[in-house]
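Asks: Sharing coords19.txt (compact mmCIF, C-alpha atoms and all ligand atoms) below.
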```txt
# COMPACT_ATOMS: atom_id res chain seq x y z
CA MET A 230 35.54 100.39 171.97
CA ASP A 231 35.32 101.89 168.49
CA LYS A 232 38.62 102.90 166.96
CA LYS A 233 39.02 106.71 166.91
CA LEU A 234 38.50 107.93 163.38
CA ILE A 235 40.25 110.89 161.87
CA TYR A 236 37.63 112.33 159.55
CA PHE A 237 38.70 114.36 156.53
CA ASP A 238 35.74 113.72 154.24
CA HIS A 239 33.54 116.70 155.01
CA ALA A 240 32.81 117.35 151.34
CA ALA A 241 31.02 113.98 151.37
CA SER A 242 29.16 114.61 154.62
CA THR A 243 29.65 116.34 157.96
CA PRO A 244 28.85 115.38 161.53
CA MET A 245 25.77 117.14 162.81
CA ASP A 246 26.29 120.01 165.21
CA ILE A 247 24.90 118.97 168.60
CA ARG A 248 22.88 122.21 168.73
CA VAL A 249 21.22 121.23 165.45
CA LEU A 250 20.36 117.87 166.90
CA ASP A 251 18.90 119.51 170.02
CA VAL A 252 16.64 121.75 167.96
CA MET A 253 15.55 118.82 165.81
CA ARG A 254 14.79 116.68 168.84
CA GLY A 255 12.62 119.43 170.26
CA VAL A 256 10.64 119.81 167.05
CA ALA A 257 10.29 116.06 166.47
CA LYS A 258 8.94 115.72 170.02
CA ASP A 259 6.74 118.78 170.38
CA VAL A 260 5.74 119.93 166.90
CA PHE A 261 4.15 116.80 165.56
CA GLY A 262 1.25 118.28 163.61
CA ASN A 263 1.09 118.19 159.84
CA PRO A 264 1.84 121.69 158.52
CA SER A 265 -1.08 121.29 156.10
CA SER A 266 -3.61 120.58 158.89
CA VAL A 267 -5.85 123.48 159.82
CA HIS A 268 -6.07 122.80 163.56
CA GLU A 269 -3.79 124.25 166.24
CA ALA A 270 -1.19 121.44 166.04
CA GLY A 271 -1.00 121.89 162.28
CA ARG A 272 -0.81 125.65 162.56
CA ARG A 273 2.10 125.37 165.01
CA ALA A 274 3.97 123.14 162.57
CA ARG A 275 3.26 125.60 159.75
CA VAL A 276 4.64 128.50 161.79
CA VAL A 277 7.86 126.59 162.54
CA LEU A 278 8.21 125.59 158.88
CA GLU A 279 7.73 129.11 157.56
CA ASP A 280 10.07 130.56 160.20
CA ALA A 281 12.78 128.23 158.89
CA ARG A 282 12.09 129.32 155.31
CA ARG A 283 12.27 132.99 156.32
CA SER A 284 15.52 132.47 158.17
CA ILE A 285 17.15 130.70 155.20
CA ALA A 286 15.87 133.35 152.77
CA ARG A 287 17.32 136.13 154.91
CA TYR A 288 20.84 134.66 154.79
CA LEU A 289 20.69 134.47 150.99
CA GLN A 290 19.03 137.88 150.61
CA VAL A 291 16.03 136.50 148.75
CA THR A 292 12.35 136.35 149.67
CA PRO A 293 10.88 133.28 151.41
CA ALA A 294 8.73 132.65 148.33
CA GLU A 295 11.91 131.85 146.40
CA VAL A 296 13.00 129.05 148.76
CA PHE A 297 11.73 125.51 148.05
CA PHE A 298 12.61 122.62 150.33
CA THR A 299 13.90 119.42 148.73
CA SER A 300 15.53 116.16 149.78
CA GLY A 301 18.97 117.61 149.02
CA GLY A 302 21.26 118.83 146.28
CA THR A 303 20.67 116.02 143.80
CA GLU A 304 16.92 116.51 143.73
CA ALA A 305 17.30 120.29 143.52
CA ASN A 306 19.68 120.14 140.54
CA ASN A 307 17.47 117.60 138.76
CA ALA A 308 14.31 119.62 139.33
CA ILE A 309 15.87 122.85 138.09
CA LEU A 310 17.42 121.40 134.94
CA TRP A 311 14.27 119.48 134.01
CA GLY A 312 12.15 122.52 134.79
CA CYS A 313 14.24 124.75 132.52
CA ALA A 314 14.00 122.30 129.62
CA ARG A 315 10.46 121.00 129.97
CA ASP A 316 8.54 123.94 131.35
CA LEU A 317 10.56 127.06 130.55
CA GLY A 318 11.44 125.86 127.04
CA TYR A 319 15.21 126.29 127.15
CA LYS A 320 17.03 124.40 124.41
CA HIS A 321 20.70 125.18 125.02
CA PHE A 322 22.52 124.14 128.18
CA ILE A 323 26.07 125.34 128.72
CA THR A 324 27.96 123.40 131.34
CA SER A 325 31.43 122.01 132.03
CA PRO A 326 32.96 118.53 132.10
CA LEU A 327 33.82 119.13 135.78
CA GLU A 328 30.25 119.29 137.07
CA HIS A 329 28.89 116.88 139.66
CA PRO A 330 26.98 113.84 138.32
CA ALA A 331 23.86 115.42 139.88
CA VAL A 332 24.08 117.92 136.99
CA LEU A 333 25.72 115.90 134.20
CA LYS A 334 23.44 112.85 134.49
CA PRO A 335 20.11 114.71 134.41
CA LEU A 336 21.39 116.75 131.47
CA GLU A 337 22.17 113.53 129.58
CA ALA A 338 18.70 112.20 130.41
CA ILE A 339 17.03 115.44 129.35
CA GLN A 340 18.95 115.36 126.07
CA GLU A 341 17.60 111.87 125.41
CA GLN A 342 14.01 112.89 126.08
CA GLN A 343 13.74 116.54 125.09
CA ASN A 344 15.07 118.50 122.17
CA ILE A 345 18.02 120.15 123.93
CA GLN A 346 21.69 120.65 123.13
CA ILE A 347 24.47 120.48 125.70
CA HIS A 348 27.52 122.67 125.11
CA MET A 349 30.65 121.98 127.16
CA VAL A 350 32.68 125.04 128.02
CA LYS A 351 36.45 124.51 128.00
CA VAL A 352 38.32 124.43 131.29
CA ASP A 353 42.03 124.90 131.98
CA ALA A 354 44.35 122.60 133.93
CA LEU A 355 43.43 124.27 137.25
CA GLY A 356 39.73 123.76 136.60
CA HIS A 357 38.89 127.34 135.70
CA VAL A 358 36.28 127.97 133.04
CA ASP A 359 37.56 129.52 129.79
CA LEU A 360 35.62 132.80 129.81
CA ASP A 361 36.34 133.55 126.14
CA HIS A 362 34.89 130.21 125.17
CA LEU A 363 31.88 130.88 127.39
CA ASP A 364 31.42 134.21 125.59
CA ASP A 365 31.51 132.41 122.23
CA LEU A 366 28.96 129.84 123.36
CA LEU A 367 26.64 132.49 124.77
CA GLN A 368 26.97 134.49 121.56
CA LYS A 369 26.11 131.47 119.40
CA HIS A 370 23.30 130.09 121.53
CA GLN A 371 20.78 132.69 122.56
CA ARG A 372 18.47 131.94 125.50
CA ALA A 373 20.75 129.41 127.13
CA VAL A 374 20.94 127.97 130.64
CA VAL A 375 24.44 128.15 132.09
CA SER A 376 24.99 125.49 134.75
CA LEU A 377 28.35 125.86 136.50
CA MET A 378 29.16 124.82 140.04
CA HIS A 379 30.32 127.41 142.57
CA ALA A 380 33.13 125.21 143.90
CA ASN A 381 34.24 121.94 142.45
CA ASN A 382 33.51 119.16 144.94
CA GLU A 383 36.69 117.26 144.09
CA THR A 384 39.31 120.01 143.73
CA GLY A 385 37.69 123.04 145.41
CA THR A 386 38.41 125.33 142.43
CA LEU A 387 36.08 128.32 142.70
CA LEU A 388 33.97 129.78 139.92
CA PRO A 389 34.29 133.51 139.22
CA VAL A 390 30.59 133.97 139.93
CA LYS A 391 30.52 137.70 139.24
CA ALA A 392 32.05 137.31 135.79
CA ILE A 393 29.75 134.42 134.87
CA SER A 394 26.67 136.18 136.22
CA LYS A 395 27.43 139.32 134.19
CA ARG A 396 27.89 137.31 131.01
CA CYS A 397 24.58 135.49 131.61
CA GLN A 398 22.79 138.79 132.20
CA ASP A 399 24.34 140.36 129.09
CA HIS A 400 23.15 137.45 126.93
CA GLY A 401 19.75 136.84 128.51
CA ALA A 402 20.88 133.43 129.78
CA LEU A 403 19.72 131.79 133.00
CA PHE A 404 22.45 131.05 135.54
CA HIS A 405 22.18 127.88 137.60
CA SER A 406 24.98 127.24 140.07
CA ASP A 407 25.38 124.04 142.05
CA THR A 408 26.23 125.70 145.36
CA VAL A 409 26.17 122.50 147.43
CA GLN A 410 29.80 122.80 148.53
CA THR A 411 29.80 126.55 149.14
CA MET A 412 26.47 127.08 150.87
CA ALA A 413 27.15 128.06 154.53
CA LYS A 414 30.87 128.44 153.74
CA PHE A 415 30.51 132.01 152.47
CA GLY A 416 27.93 134.73 152.96
CA MET A 417 25.84 134.67 149.79
CA ASN A 418 23.72 137.33 148.23
CA LEU A 419 21.91 135.69 145.32
CA ARG A 420 20.75 139.07 144.04
CA ASP A 421 24.24 140.43 143.56
CA PRO A 422 25.82 138.85 141.64
CA HIS A 423 22.55 137.59 140.22
CA ILE A 424 22.08 133.81 140.30
CA ASP A 425 18.80 132.42 138.97
CA PHE A 426 19.00 129.02 140.64
CA ALA A 427 21.06 127.92 143.64
CA VAL A 428 20.91 124.71 145.67
CA ALA A 429 21.88 123.41 149.09
CA SER A 430 22.24 120.18 151.00
CA ALA A 431 22.09 120.39 154.80
CA HIS A 432 24.41 117.46 155.52
CA LYS A 433 27.30 119.37 153.94
CA PHE A 434 27.15 122.02 156.66
CA HIS A 435 26.60 120.09 159.89
CA GLY A 436 22.88 119.64 159.33
CA PRO A 437 20.87 116.45 158.77
CA LYS A 438 20.98 114.21 155.71
CA GLY A 439 18.15 113.97 153.20
CA VAL A 440 17.12 117.60 153.29
CA GLY A 441 18.09 120.63 151.25
CA PHE A 442 16.58 123.46 149.29
CA MET A 443 16.64 125.25 145.99
CA VAL A 444 16.31 128.95 145.41
CA ILE A 445 14.41 129.93 142.30
CA ARG A 446 14.45 133.60 141.44
CA PRO A 447 11.10 135.16 140.45
CA GLY A 448 10.13 134.76 136.82
CA ASN A 449 11.80 131.35 136.59
CA PHE A 450 9.27 129.24 138.45
CA PHE A 451 8.69 126.02 136.60
CA LYS A 452 5.75 123.62 136.88
CA PRO A 453 5.15 121.28 139.84
CA TYR A 454 7.38 118.22 139.58
CA VAL A 455 6.01 116.06 142.39
CA LEU A 456 2.22 115.84 142.30
CA GLY A 457 -0.32 114.90 144.92
CA GLY A 458 -0.50 117.80 147.36
CA GLY A 459 -0.18 121.53 147.64
CA GLN A 460 3.09 121.64 149.61
CA GLU A 461 5.93 123.95 148.58
CA ARG A 462 3.46 126.16 146.80
CA ASN A 463 2.33 123.19 144.67
CA MET A 464 5.86 122.66 143.38
CA ARG A 465 6.72 119.54 145.37
CA ALA A 466 3.91 117.57 146.92
CA GLY A 467 4.44 115.54 150.07
CA THR A 468 4.42 116.19 153.80
CA GLU A 469 7.44 118.27 154.69
CA ASN A 470 10.47 116.84 156.50
CA LEU A 471 9.79 119.27 159.33
CA HIS A 472 12.50 118.36 161.81
CA GLY A 473 15.03 118.06 158.96
CA ILE A 474 14.13 121.49 157.66
CA ILE A 475 14.37 123.03 161.12
CA GLY A 476 17.75 121.36 161.60
CA MET A 477 18.93 122.73 158.28
CA ALA A 478 17.84 126.28 159.15
CA GLU A 479 19.63 126.02 162.49
CA ALA A 480 22.81 124.68 160.83
CA LEU A 481 22.79 127.57 158.35
CA LYS A 482 22.31 130.05 161.18
CA LEU A 483 25.18 128.58 163.22
CA ALA A 484 27.43 128.59 160.15
CA HIS A 485 26.74 132.29 159.59
CA GLU A 486 27.32 133.18 163.21
CA ARG A 487 30.84 131.75 163.17
CA MET A 488 31.70 131.98 159.50
CA GLU A 489 34.80 134.15 159.65
CA ALA A 490 36.40 132.23 162.51
CA ASP A 491 35.67 128.91 160.79
CA GLN A 492 37.08 130.16 157.49
CA GLN A 493 40.32 131.23 159.17
CA HIS A 494 40.67 128.03 161.16
CA ILE A 495 40.00 125.76 158.19
CA LEU A 496 42.24 127.76 155.86
CA SER A 497 45.10 127.51 158.34
CA LEU A 498 44.62 123.71 158.47
CA LYS A 499 44.68 123.52 154.69
CA LYS A 500 47.80 125.69 154.43
CA THR A 501 49.62 123.70 157.10
CA CYS A 502 48.68 120.47 155.39
CA MET A 503 50.06 121.74 152.07
CA GLU A 504 53.28 123.08 153.61
CA GLU A 505 53.92 119.91 155.58
CA LEU A 506 53.30 117.70 152.58
CA LEU A 507 55.53 119.78 150.33
CA GLY A 508 58.27 119.65 152.94
CA ARG A 509 58.05 115.94 153.72
CA LEU A 510 56.79 114.25 150.61
CA PRO A 511 58.88 114.97 147.51
CA GLY A 512 56.83 114.51 144.36
CA VAL A 513 53.47 115.46 145.92
CA SER A 514 51.36 117.77 143.76
CA PHE A 515 48.07 119.57 144.30
CA ASN A 516 45.18 119.43 141.87
CA GLY A 517 42.96 122.35 140.96
CA ASP A 518 43.92 125.87 142.00
CA ALA A 519 44.89 124.82 145.54
CA SER A 520 46.88 127.91 146.46
CA GLY A 521 44.77 130.30 144.39
CA SER A 522 41.01 130.61 143.95
CA SER A 523 39.97 127.57 145.92
CA LEU A 524 37.42 126.64 148.55
CA HIS A 525 39.10 126.53 151.98
CA THR A 526 37.47 123.21 152.89
CA ILE A 527 38.86 121.12 150.00
CA LEU A 528 42.38 119.99 149.08
CA ASN A 529 43.04 117.50 146.30
CA LEU A 530 46.48 115.98 145.89
CA THR A 531 48.43 113.40 143.96
CA LEU A 532 51.08 111.32 145.69
CA PRO A 533 54.27 109.84 144.26
CA ALA A 534 53.55 106.62 142.35
CA VAL A 535 54.66 104.33 145.18
CA ILE A 536 51.32 102.88 146.21
CA ASP A 537 48.73 101.41 143.84
CA PRO A 538 45.99 104.07 143.41
CA ASP A 539 43.33 101.46 144.24
CA MET A 540 45.08 100.61 147.50
CA LEU A 541 45.48 104.13 148.84
CA LEU A 542 42.05 104.67 150.38
CA PRO A 543 41.81 101.18 151.94
CA ARG A 544 45.34 101.69 153.34
CA LEU A 545 44.35 105.04 154.90
CA ASP A 546 41.14 103.48 156.15
CA MET A 547 43.20 100.85 157.97
CA GLU A 548 44.99 103.70 159.73
CA GLY A 549 41.64 105.15 160.80
CA ILE A 550 41.71 108.00 158.29
CA CYS A 551 38.56 108.76 156.32
CA VAL A 552 39.15 110.58 153.04
CA SER A 553 37.85 110.05 149.55
CA SER A 554 38.90 110.58 146.01
CA GLY A 555 35.94 112.58 144.78
CA SER A 556 32.20 112.46 144.49
CA ALA A 557 30.29 109.53 145.93
CA CYS A 558 30.24 107.58 142.69
CA ALA A 559 34.00 107.98 142.26
CA SER A 560 34.93 107.83 145.92
CA GLY A 561 36.44 104.34 145.93
CA THR A 562 39.02 104.88 143.25
CA THR A 563 40.80 107.85 141.72
CA LYS A 564 40.62 106.13 138.35
CA GLY A 565 36.91 106.87 138.29
CA SER A 566 37.29 110.62 138.66
CA HIS A 567 35.99 112.41 135.57
CA VAL A 568 37.23 115.66 137.13
CA LEU A 569 40.89 114.67 137.52
CA LYS A 570 40.76 113.08 134.08
CA ALA A 571 39.48 116.31 132.52
CA LEU A 572 42.26 118.25 134.28
CA GLY A 573 44.89 115.93 132.79
CA VAL A 574 45.99 114.48 136.15
CA ASP A 575 48.00 111.26 135.85
CA LEU A 576 45.46 108.65 136.98
CA GLN A 577 48.15 106.00 137.33
CA ARG A 578 49.34 107.90 140.40
CA PRO A 579 47.28 107.85 143.61
CA SER A 580 45.17 110.95 144.27
CA LEU A 581 42.89 111.84 147.13
CA ARG A 582 40.60 114.55 148.38
CA ILE A 583 41.05 115.88 151.89
CA SER A 584 38.09 117.93 153.04
CA PHE A 585 38.16 119.86 156.30
CA SER A 586 35.61 121.26 158.71
CA ARG A 587 35.61 123.37 161.86
CA TYR A 588 35.90 120.17 163.90
CA ASN A 589 39.35 119.25 162.54
CA THR A 590 42.48 120.10 164.52
CA LEU A 591 46.10 120.79 163.70
CA ASP A 592 46.99 117.59 165.47
CA GLU A 593 44.77 115.60 163.11
CA VAL A 594 46.45 117.27 160.15
CA GLN A 595 49.84 116.21 161.52
CA GLN A 596 48.62 112.63 161.91
CA LEU A 597 47.25 112.63 158.38
CA VAL A 598 50.54 113.91 156.98
CA ASP A 599 52.48 111.31 159.00
CA VAL A 600 50.33 108.53 157.53
CA LEU A 601 50.60 109.87 153.98
CA VAL A 602 54.38 110.00 154.32
CA LYS A 603 54.36 106.46 155.73
CA VAL A 604 52.24 104.93 152.96
CA SER A 605 54.33 106.70 150.30
CA GLY A 606 57.63 105.47 151.77
N1 LIG B 701 26.37 118.67 144.09
C1 LIG B 701 27.59 118.67 144.64
C2 LIG B 701 28.62 119.64 144.14
C3 LIG B 701 27.91 117.78 145.65
O1 LIG B 701 29.14 117.77 146.17
C4 LIG B 701 26.91 116.87 146.09
C5 LIG B 701 27.23 115.86 147.11
O2 LIG B 701 28.31 115.31 147.16
C6 LIG B 701 25.66 116.93 145.50
C7 LIG B 701 25.41 117.84 144.52
C8 LIG B 701 24.55 116.01 145.94
O3 LIG B 701 23.96 116.47 147.12
P1 LIG B 701 23.01 115.51 148.02
O4 LIG B 701 23.92 114.63 148.79
O5 LIG B 701 22.25 116.44 148.88
O6 LIG B 701 22.14 114.79 147.08
```
Could you write out this file's structure as structure tokens?

Replies:
Amino acid sequence: MDKKLIYFDHAASTPMDIRVLDVMRGVAKDVFGNPSSVHEAGRRARVVLEDARRSIARYLQVTPAEVFFTSGGTEANNAILWGCARDLGYKHFITSPLEHPAVLKPLEAIQEQQNIQIHMVKVDALGHVDLDHLDDLLQKHQRAVVSLMHANNETGTLLPVKAISKRCQDHGALFHSDTVQTMAKFGMNLRDPHIDFAVASAHKFHGPKGVGFMVIRPGNFFKPYVLGGGQERNMRAGTENLHGIIGMAEALKLAHERMEADQQHILSLKKTCMEELLGRLPGVSFNGDASGSSLHTILNLTLPAVIDPDMLLPRLDMEGICVSSGSACASGTTKGSHVLKALGVDLQRPSLRISFSRYNTLDEVQQLVDVLVKVSG
């Protein structure tokens, strides 16, 4: 029999909700037409597809015409940044050194191929953006795109969205926020505070992998970026991932139905975890703004320098505990984390990211703490 895993890596991916799976199974079985076909089977698929779009749009308080389905967060971020540079003619991109590679890498590539400048806004040791520096950058570079993530995927530090949005509006800048980690964790109204571009990835909120969406506010539509069909209002050609999209819409709905209860449950797990660690593991420290403005699902910590940083995750894995040390490309070793590096965390000490979901229990937190104490002994 498989060993029971204790899973604390929900910022990397989440188990699908069984109700999502049920809905997807039903669609995969019964709604097999191509949404672009004009016959009855196609029309049924089209209705299901557009219902999902409407449902998603409603939760974000935008119109369905602003929602474009993608393969996930990486594609959405890439499409938006390229679209701003290539089609909308933006030359100045203001971002931070703490962004996900799905933002930093396309920006580097765009800089190589288009005439754009990237301006890094300063961040403090907790991972908060220096608003005065952002003001300076916006003042100096008119008609900029500001790309700042809503919650950092490694530390959970939250962006003051209202303050950033106001500054962007005051300076005529576009505001793109990588909302992959916060979508379905909070109620979001993309009109207030105004966000021009937001993105989502269904597998981060108990939906299927390989499907997501981007929201593009009116006036910012860029040119089609996948050619060969009229899908997604010509923006992204290709037959839609219908059952994936339906699963995503269902996952978003379920998240909204139980949002407050989930927030409270997950926050209490995070707080207990912090208290227990502080009480039992002298020398532990938390990275980011863990007890301040931080996403309830993410906790990043550094342990005393007893265990080799490269050995920590394999050691926890041997105990059946799944955690990571950051984004997928840095998940095997804390030494690879550009985020912790930028925050000045001592990379010679072992760090890890614990990320919770509604499925975690207090008992699992206790087991995790027991193991962390053991490996640090
Ligand atoms: N942006 C952030 C902040 C993320 O945490 C992730 C996934 O880890 C992504 C983008 C990429 O999303 P996807 O897995 O849908 O490509």

Asks: Counting only C-alpha atoms, select every polymer residue within 9 Å of (39.9, 106.0, 165.7) as defined in the file's coordinates, and provide the selection as a list in words.

Replies: Asp231, Lys232, Lys233, Leu234, Ile235, Glu548, Gly549 and Ile550 of chain A

Asks: For stretch 520-527 of chain A, work out the shell of residues within 10 Å, counting all atoms listed in the file and skipping chain neighbours fewer than 4 positions away, then give it as a tab-separated table (two decimals) with C-alpha atoms, keeping the file's coordinate frame.

Replies:
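File selection35.tsv, as written:
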```tsv
chain	number	residue	atom	x	y	z
A	237	PHE	CA	38.70	114.36	156.53
A	238	ASP	CA	35.74	113.72	154.24
A	239	HIS	CA	33.54	116.70	155.01
A	240	ALA	CA	32.81	117.35	151.34
A	355	LEU	CA	43.43	124.27	137.25
A	357	HIS	CA	38.89	127.34	135.70
A	379	HIS	CA	30.32	127.41	142.57
A	380	ALA	CA	33.13	125.21	143.90
A	381	ASN	CA	34.24	121.94	142.45
A	382	ASN	CA	33.51	119.16	144.94
A	383	GLU	CA	36.69	117.26	144.09
A	384	THR	CA	39.31	120.01	143.73
A	385	GLY	CA	37.69	123.04	145.41
A	386	THR	CA	38.41	125.33	142.43
A	387	LEU	CA	36.08	128.32	142.70
A	388	LEU	CA	33.97	129.78	139.92
A	389	PRO	CA	34.29	133.51	139.22
A	410	GLN	CA	29.80	122.80	148.53
A	411	THR	CA	29.80	126.55	149.14
A	414	LYS	CA	30.87	128.44	153.74
A	415	PHE	CA	30.51	132.01	152.47
A	491	ASP	CA	35.67	128.91	160.79
A	492	GLN	CA	37.08	130.16	157.49
A	493	GLN	CA	40.32	131.23	159.17
A	494	HIS	CA	40.67	128.03	161.16
A	495	ILE	CA	40.00	125.76	158.19
A	496	LEU	CA	42.24	127.76	155.86
A	497	SER	CA	45.10	127.51	158.34
A	498	LEU	CA	44.62	123.71	158.47
A	499	LYS	CA	44.68	123.52	154.69
A	500	LYS	CA	47.80	125.69	154.43
A	503	MET	CA	50.06	121.74	152.07
A	515	PHE	CA	48.07	119.57	144.30
A	516	ASN	CA	45.18	119.43	141.87
A	582	ARG	CA	40.60	114.55	148.38
A	583	ILE	CA	41.05	115.88	151.89
A	584	SER	CA	38.09	117.93	153.04
A	585	PHE	CA	38.16	119.86	156.30
A	586	SER	CA	35.61	121.26	158.71
A	587	ARG	CA	35.61	123.37	161.86
```

Asks: Using all atoms listed in the file, tabulate the residues of stretch 298-351 of chain A lying at most 9 Å from any atom of stretch 456-478 of chain A, each with its closest atom pair and that distance in Å to one decimal, by chain and increasing residue number, as CSV.

Replies:
```
residue,atom,partner,partner_atom,distance
A:Phe298,CA,A:Glu461,CA,7.0
A:Thr299,CA,A:Arg465,CA,7.9
A:Ser300,CA,A:Asn470,CA,8.4
```

Asks: So which residues are near ligand LIG 701 (chain B), meaning at most 8 Å away with all atoms listed in the file counted, given back as number ranges by chain?

Replies: A: 240-242, 300-304, 306, 328-332, 378, 380-383, 407-410, 429-433, 438-441, 556-557

Asks: Considering all atoms listed in the file, can you say which of A:Ser580, A:Ser554, A:Asn589, A:Gln596 comes closest to A:Thr243?

Replies: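 Smallest distance to A:Thr243 is found for A:Asn589.
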
Asks: Grab the atom CA of A:Val350 to atom CA of A:Val428 distance for me, in Å with one decimal place.

Replies: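 Rounded to one decimal, the two atoms are 21.2 Å apart.
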
Asks: Go through A:Ala484, A:Leu403, A:Ile393, A:Val568 one by one, measure the shortest atom-to-atom distance of each to A:Phe434 using all atoms listed in the file, and give the residue with the smallest value.

Replies: A:Ala484

Asks: Could you please determine the separation between atom CA of A:Ser265 and atom CA of A:Arg287 in Å, to one decimal place?

Replies: 23.7 Å

Asks: I'd like to know which of A:Met253, A:Tyr236, A:Phe450, A:Gly573 is closest to A:Leu545, using all atoms listed in the file.

Replies: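 Among the listed residues, the smallest separation from A:Leu545 belongs to A:Tyr236.
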
Asks: Just the number, please: distance in Å from atom CA of A:Val455 to atom CA of A:Gln290, one decimal.

Replies: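 Atom CA of A:Gln290 lies 26.7 Å from atom CA of A:Val455.
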
Asks: Pick from A:Lys391, A:His321, A:Arg487, A:Lys570: nearest to A:Ala413, with only C-alpha atoms counted?

Replies: A:Arg487

Asks: Pick from A:Pro244, A:Gly517, A:Gly356, A:Gly401: nearest to A:Gln371, with all atoms listed in the file counted?

Replies: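 Using all atoms listed in the file, the shortest distance to A:Gln371 belongs to A:Gly401.
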
Asks: If we count all atoms listed in the file and set the cut-off at 6 Å, which residues sit around A:Leu289, ignoring sequence neighbours fewer than 5 positions away in its own chain? Please answer as a VMD selection string.

Replies: chain A and resid 417 to 419

Asks: Quick one: residues within 8 Å of A:Val598, only C-alpha atoms, excluding same-chain residues fewer than 3 positions away - as number ranges by chain?

Replies: A: 502, 505-506, 594-595, 601-602

Asks: Since we have the selection now, will you write its residues out, keeping C-alpha atoms, as a CSV table (one decimal), in the frame of the given file?

Replies:
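The file below, again.csv, is the result:
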```csv
chain,number,residue,atom,x,y,z
A,502,CYS,CA,48.7,120.5,155.4
A,505,GLU,CA,53.9,119.9,155.6
A,506,LEU,CA,53.3,117.7,152.6
A,594,VAL,CA,46.4,117.3,160.2
A,595,GLN,CA,49.8,116.2,161.5
A,601,LEU,CA,50.6,109.9,154.0
A,602,VAL,CA,54.4,110.0,154.3
```

Asks: Pick from A:Pro264, A:Pro453, A:Gly416, A:Pro422: nearest to A:Asp316, with only C-alpha atoms counted?

Replies: A:Pro453
